[in-house]
$ cat model07.cif   # mmCIF, C-alpha atoms
data_target
loop_
_atom_site.group_PDB
_atom_site.id
_atom_site.type_symbol
_atom_site.label_atom_id
_atom_site.label_comp_id
_atom_site.auth_asym_id
_atom_site.auth_seq_id
_atom_site.Cartn_x
_atom_site.Cartn_y
_atom_site.Cartn_z
ATOM 1 C CA GLN A 1 0.082 -9.637 2.586
ATOM 2 C CA VAL A 2 3.486 -8.045 2.084
ATOM 3 C CA GLN A 3 4.347 -4.377 2.417
ATOM 4 C CA LEU A 4 7.449 -3.007 0.740
ATOM 5 C CA VAL A 5 9.207 0.246 1.595
ATOM 6 C CA GLU A 6 12.077 1.530 -0.528
ATOM 7 C CA SER A 7 14.798 3.915 0.603
ATOM 8 C CA GLY A 8 18.215 5.134 -0.473
ATOM 9 C CA GLY A 9 17.339 7.182 -3.512
ATOM 10 C CA GLY A 10 18.718 10.642 -4.107
ATOM 11 C CA LEU A 11 20.710 12.943 -6.347
ATOM 12 C CA VAL A 12 24.135 11.803 -7.514
ATOM 13 C CA GLN A 13 26.596 12.861 -10.178
ATOM 14 C CA ALA A 14 27.299 10.685 -13.173
ATOM 15 C CA GLY A 15 29.808 8.009 -12.237
ATOM 16 C CA GLY A 16 28.644 7.924 -8.649
ATOM 17 C CA SER A 17 26.975 5.195 -6.632
ATOM 18 C CA LEU A 18 23.805 4.629 -4.646
ATOM 19 C CA ARG A 19 22.481 1.687 -2.695
ATOM 20 C CA LEU A 20 18.734 1.211 -2.633
ATOM 21 C CA SER A 21 17.072 -0.796 0.107
ATOM 22 C CA CYS A 22 13.659 -2.400 0.221
ATOM 23 C CA ALA A 23 12.323 -3.442 3.599
ATOM 24 C CA ALA A 24 9.585 -6.058 3.524
ATOM 25 C CA SER A 25 7.020 -7.022 6.110
ATOM 26 C CA GLY A 26 5.344 -10.392 6.224
ATOM 27 C CA ARG A 27 6.426 -13.784 7.457
ATOM 28 C CA THR A 28 6.683 -15.371 4.003
ATOM 29 C CA TYR A 29 8.985 -12.736 2.485
ATOM 30 C CA SER A 30 11.915 -15.140 2.384
ATOM 31 C CA SER A 31 10.029 -17.445 0.011
ATOM 32 C CA TYR A 32 9.368 -14.731 -2.595
ATOM 33 C CA ALA A 33 11.335 -13.744 -5.645
ATOM 34 C CA MET A 34 12.217 -10.063 -5.470
ATOM 35 C CA GLY A 35 12.813 -7.527 -8.179
ATOM 36 C CA TRP A 36 13.636 -3.931 -8.939
ATOM 37 C CA PHE A 37 11.935 -1.957 -11.687
ATOM 38 C CA ARG A 38 12.234 1.676 -12.704
ATOM 39 C CA GLN A 39 10.106 4.242 -14.451
ATOM 40 C CA ALA A 40 11.395 7.408 -16.068
ATOM 41 C CA PRO A 41 9.041 10.308 -16.884
ATOM 42 C CA GLY A 42 6.914 9.520 -19.914
ATOM 43 C CA LYS A 43 8.166 5.953 -20.157
ATOM 44 C CA GLU A 44 6.913 2.505 -19.257
ATOM 45 C CA ARG A 45 8.020 0.855 -16.045
ATOM 46 C CA GLU A 46 10.910 -1.435 -16.948
ATOM 47 C CA PHE A 47 12.665 -4.370 -15.379
ATOM 48 C CA VAL A 48 16.061 -3.756 -13.770
ATOM 49 C CA ALA A 49 17.050 -6.822 -11.740
ATOM 50 C CA THR A 50 15.635 -9.856 -9.989
ATOM 51 C CA ILE A 51 16.810 -12.293 -7.345
ATOM 52 C CA SER A 52 15.462 -15.714 -6.411
ATOM 53 C CA TRP A 53 14.073 -16.489 -2.971
ATOM 54 C CA SER A 54 17.347 -18.133 -1.963
ATOM 55 C CA GLY A 55 19.525 -15.370 -3.361
ATOM 56 C CA VAL A 56 21.403 -17.851 -5.531
ATOM 57 C CA SER A 57 20.011 -16.733 -8.883
ATOM 58 C CA THR A 58 20.072 -13.180 -10.192
ATOM 59 C CA TYR A 59 19.299 -11.603 -13.541
ATOM 60 C CA TYR A 60 19.727 -8.063 -14.901
ATOM 61 C CA ARG A 61 18.668 -5.943 -17.816
ATOM 62 C CA ASP A 62 21.535 -5.547 -20.235
ATOM 63 C CA SER A 63 22.254 -1.923 -19.334
ATOM 64 C CA ALA A 64 22.593 -2.866 -15.652
ATOM 65 C CA LYS A 65 24.968 -5.785 -16.072
ATOM 66 C CA GLY A 66 28.365 -5.055 -14.596
ATOM 67 C CA ARG A 67 27.132 -1.892 -12.853
ATOM 68 C CA PHE A 68 24.238 -2.973 -10.603
ATOM 69 C CA THR A 69 24.119 -5.754 -8.032
ATOM 70 C CA ILE A 70 20.958 -7.112 -6.449
ATOM 71 C CA SER A 71 21.200 -8.942 -3.139
ATOM 72 C CA ARG A 72 18.999 -9.904 -0.240
ATOM 73 C CA ASP A 73 19.258 -10.538 3.476
ATOM 74 C CA ASN A 74 16.343 -12.746 4.457
ATOM 75 C CA ALA A 75 17.183 -12.413 8.142
ATOM 76 C CA LYS A 76 16.569 -8.664 7.802
ATOM 77 C CA ASN A 77 13.692 -8.966 5.321
ATOM 78 C CA THR A 78 15.558 -6.615 3.030
ATOM 79 C CA VAL A 79 16.594 -6.598 -0.609
ATOM 80 C CA TYR A 80 19.237 -4.242 -1.955
ATOM 81 C CA LEU A 81 20.240 -2.742 -5.266
ATOM 82 C CA GLN A 82 23.809 -1.488 -5.377
ATOM 83 C CA MET A 83 24.196 0.865 -8.322
ATOM 84 C CA ASN A 84 27.665 1.919 -9.469
ATOM 85 C CA SER A 85 28.894 3.979 -12.419
ATOM 86 C CA LEU A 86 25.538 5.685 -12.618
ATOM 87 C CA LYS A 87 24.519 7.437 -15.818
ATOM 88 C CA PRO A 88 21.963 10.184 -16.467
ATOM 89 C CA GLU A 89 19.813 7.610 -18.276
ATOM 90 C CA ASP A 90 19.473 5.728 -14.966
ATOM 91 C CA THR A 91 17.340 8.601 -13.671
ATOM 92 C CA ALA A 92 13.944 7.218 -12.693
ATOM 93 C CA VAL A 93 11.689 6.226 -9.838
ATOM 94 C CA TYR A 94 12.871 2.819 -8.660
ATOM 95 C CA TYR A 95 10.328 0.301 -7.406
ATOM 96 C CA CYS A 96 10.790 -2.836 -5.368
ATOM 97 C CA ALA A 97 8.491 -5.777 -6.071
ATOM 98 C CA ALA A 98 7.773 -9.184 -4.554
ATOM 99 C CA GLY A 99 6.646 -12.235 -6.483
ATOM 100 C CA ALA A 100 4.589 -14.623 -4.370
ATOM 101 C CA THR A 101 3.591 -17.041 -7.122
ATOM 102 C CA TYR A 102 5.937 -19.819 -8.173
ATOM 103 C CA TYR A 103 6.446 -19.868 -11.969
ATOM 104 C CA GLY A 104 9.018 -22.603 -12.094
ATOM 105 C CA ASN A 105 12.648 -22.291 -13.032
ATOM 106 C CA THR A 106 12.384 -18.906 -14.734
ATOM 107 C CA TYR A 107 13.548 -15.363 -14.143
ATOM 108 C CA TYR A 108 10.922 -12.900 -12.996
ATOM 109 C CA VAL A 109 11.509 -10.165 -15.558
ATOM 110 C CA THR A 110 7.973 -9.007 -16.326
ATOM 111 C CA ARG A 111 5.637 -6.959 -14.167
ATOM 112 C CA ASP A 112 2.875 -9.558 -14.220
ATOM 113 C CA LYS A 113 4.971 -11.980 -12.173
ATOM 114 C CA TYR A 114 4.995 -9.652 -9.183
ATOM 115 C CA ASP A 115 2.190 -9.413 -6.657
ATOM 116 C CA TYR A 116 3.326 -6.632 -4.341
ATOM 117 C CA TRP A 117 4.919 -3.260 -5.055
ATOM 118 C CA GLY A 118 6.511 -0.509 -3.048
ATOM 119 C CA GLN A 119 5.854 3.200 -3.447
ATOM 120 C CA GLY A 120 9.148 3.896 -5.171
ATOM 121 C CA THR A 121 12.225 6.000 -4.507
ATOM 122 C CA GLN A 122 13.562 8.704 -6.827
ATOM 123 C CA VAL A 123 17.036 8.372 -8.292
ATOM 124 C CA THR A 124 18.407 11.361 -10.169
ATOM 125 C CA VAL A 125 21.775 11.254 -11.916
ATOM 126 C CA SER A 126 23.188 14.585 -13.047
ATOM 127 C CA SER A 127 25.612 14.902 -15.948
#

$ encode --input "model07.cif" --output "structure tokens"
Amino acid sequence: QVQLVESGGGLVQAGGSLRLSCAASGRTYSSYAMGWFRQAPGKEREFVATISWSGVSTYYRDSAKGRFTISRDNAKNTVYLQMNSLKPEDTAVYYCAAGATYYGNTYYVTRDKYDYWGQGTQVTVSS
């Protein structure tokens, strides 16, 4: 069992930055793929970024490329999402997720590949 707790959300002006953190419990955390998703009011939860268990491989949604960076520190059981040049359309609840099942050499970009979810942290970007 893995528990995930997000932090770091808040209110920021357009063009600003935030760093989200996701603290994980559980001895096997370091073997899981990790991801960030977000959900805006009235919209489906959507993929933002993912990182492999080793931290070597990362993948982003198109609108996040060049602005967001996902990273992980397995010694601290923590995954991060550094968000720069934020836009009002980035406003959403951001969720951390852990994928315990191995799907081969593929990016974990869909919700069904993740087994554990955090409660979410609100990010609001004002124009």

$ closest_residue --input "model07.cif" --among "A:Ser85, A:Ser31, A:Thr69, A:Ser52" --to "A:Ser127" --atoms "only C-alpha atoms"
A:Ser85

$ closest_residue --input "model07.cif" --among "A:Gly15, A:Gly10, A:Gly99, A:Gly66" --to "A:Lys87" --atoms "all atoms listed in the file"
A:Gly15

$ atom_distance --input "model07.cif" --atom1 "atom CA of A:Tyr32" --atom2 "atom CA of A:Asp112"
14.3 Å

$ closest_residue --input "model07.cif" --among "A:Asn77, A:Ser17, A:Thr106, A:Thr28" --to "A:Ser126" --atoms "all atoms listed in the file"
A:Ser17

$ closest_residue --input "model07.cif" --among "A:Thr78, A:Val109, A:Glu89, A:Leu18" --to "A:Thr58" --atoms "only C-alpha atoms"
A:Val109

$ closest_residue --input "model07.cif" --among "A:Gln13, A:Gln119, A:Thr110, A:Thr124" --to "A:Tyr60" --atoms "only C-alpha atoms"
A:Thr110

$ closest_residue --input "model07.cif" --among "A:Ala33, A:Val2, A:Val12, A:Val125" --to "A:Gly104" --atoms "all atoms listed in the file"
A:Ala33

$ residues_around --input "model07.cif" --residues "A:Met83" --least-positions-apart "6" --cutoff "12 Å" --atoms "all atoms listed in the file" --output "VMD selection string"
chain A and resid 8 to 10 12 14 to 21 36 48 to 49 60 63 to 71 90 to 91 94 123 125

$ write_last_selection --input "model07.cif" --atoms "C-alpha atoms" --output "compact mmCIF listing (two decimals), keeping the file's coordinate frame"
# COMPACT_ATOMS: atom_id res chain seq x y z
CA GLY A 8 18.22 5.13 -0.47
CA GLY A 9 17.34 7.18 -3.51
CA GLY A 10 18.72 10.64 -4.11
CA VAL A 12 24.14 11.80 -7.51
CA ALA A 14 27.30 10.68 -13.17
CA GLY A 15 29.81 8.01 -12.24
CA GLY A 16 28.64 7.92 -8.65
CA SER A 17 26.98 5.20 -6.63
CA LEU A 18 23.80 4.63 -4.65
CA ARG A 19 22.48 1.69 -2.70
CA LEU A 20 18.73 1.21 -2.63
CA SER A 21 17.07 -0.80 0.11
CA TRP A 36 13.64 -3.93 -8.94
CA VAL A 48 16.06 -3.76 -13.77
CA ALA A 49 17.05 -6.82 -11.74
CA TYR A 60 19.73 -8.06 -14.90
CA SER A 63 22.25 -1.92 -19.33
CA ALA A 64 22.59 -2.87 -15.65
CA LYS A 65 24.97 -5.78 -16.07
CA GLY A 66 28.36 -5.06 -14.60
CA ARG A 67 27.13 -1.89 -12.85
CA PHE A 68 24.24 -2.97 -10.60
CA THR A 69 24.12 -5.75 -8.03
CA ILE A 70 20.96 -7.11 -6.45
CA SER A 71 21.20 -8.94 -3.14
CA ASP A 90 19.47 5.73 -14.97
CA THR A 91 17.34 8.60 -13.67
CA TYR A 94 12.87 2.82 -8.66
CA VAL A 123 17.04 8.37 -8.29
CA VAL A 125 21.78 11.25 -11.92

$ resolve_selection --input "model07.cif" --expression "the PyMOL selection byres ((chain A and resi 111) around 10)" --output "list in words"
Gly35, Phe37, Arg45, Glu46, Phe47, Ala97, Gly99, Tyr108, Val109, Thr110, Asp112, Lys113, Tyr114, Asp115 and Trp117 of chain A

$ residues_around --input "model07.cif" --residues "A:Val5" --least-positions-apart "2" --cutoff "7 Å" --atoms "only C-alpha atoms" --output "number ranges by chain"
A: 3, 7, 22-24, 118-119

$ atom_distance --input "model07.cif" --atom1 "atom CA of A:Gly120" --atom2 "atom CA of A:Tyr95"
4.4 Å

$ resolve_selection --input "model07.cif" --expression "the PyMOL selection byres ((chain A and resi 74) around 9)" --output "PyMOL selection string"
chain A and resi 29-30+53-55+72-73+75-79
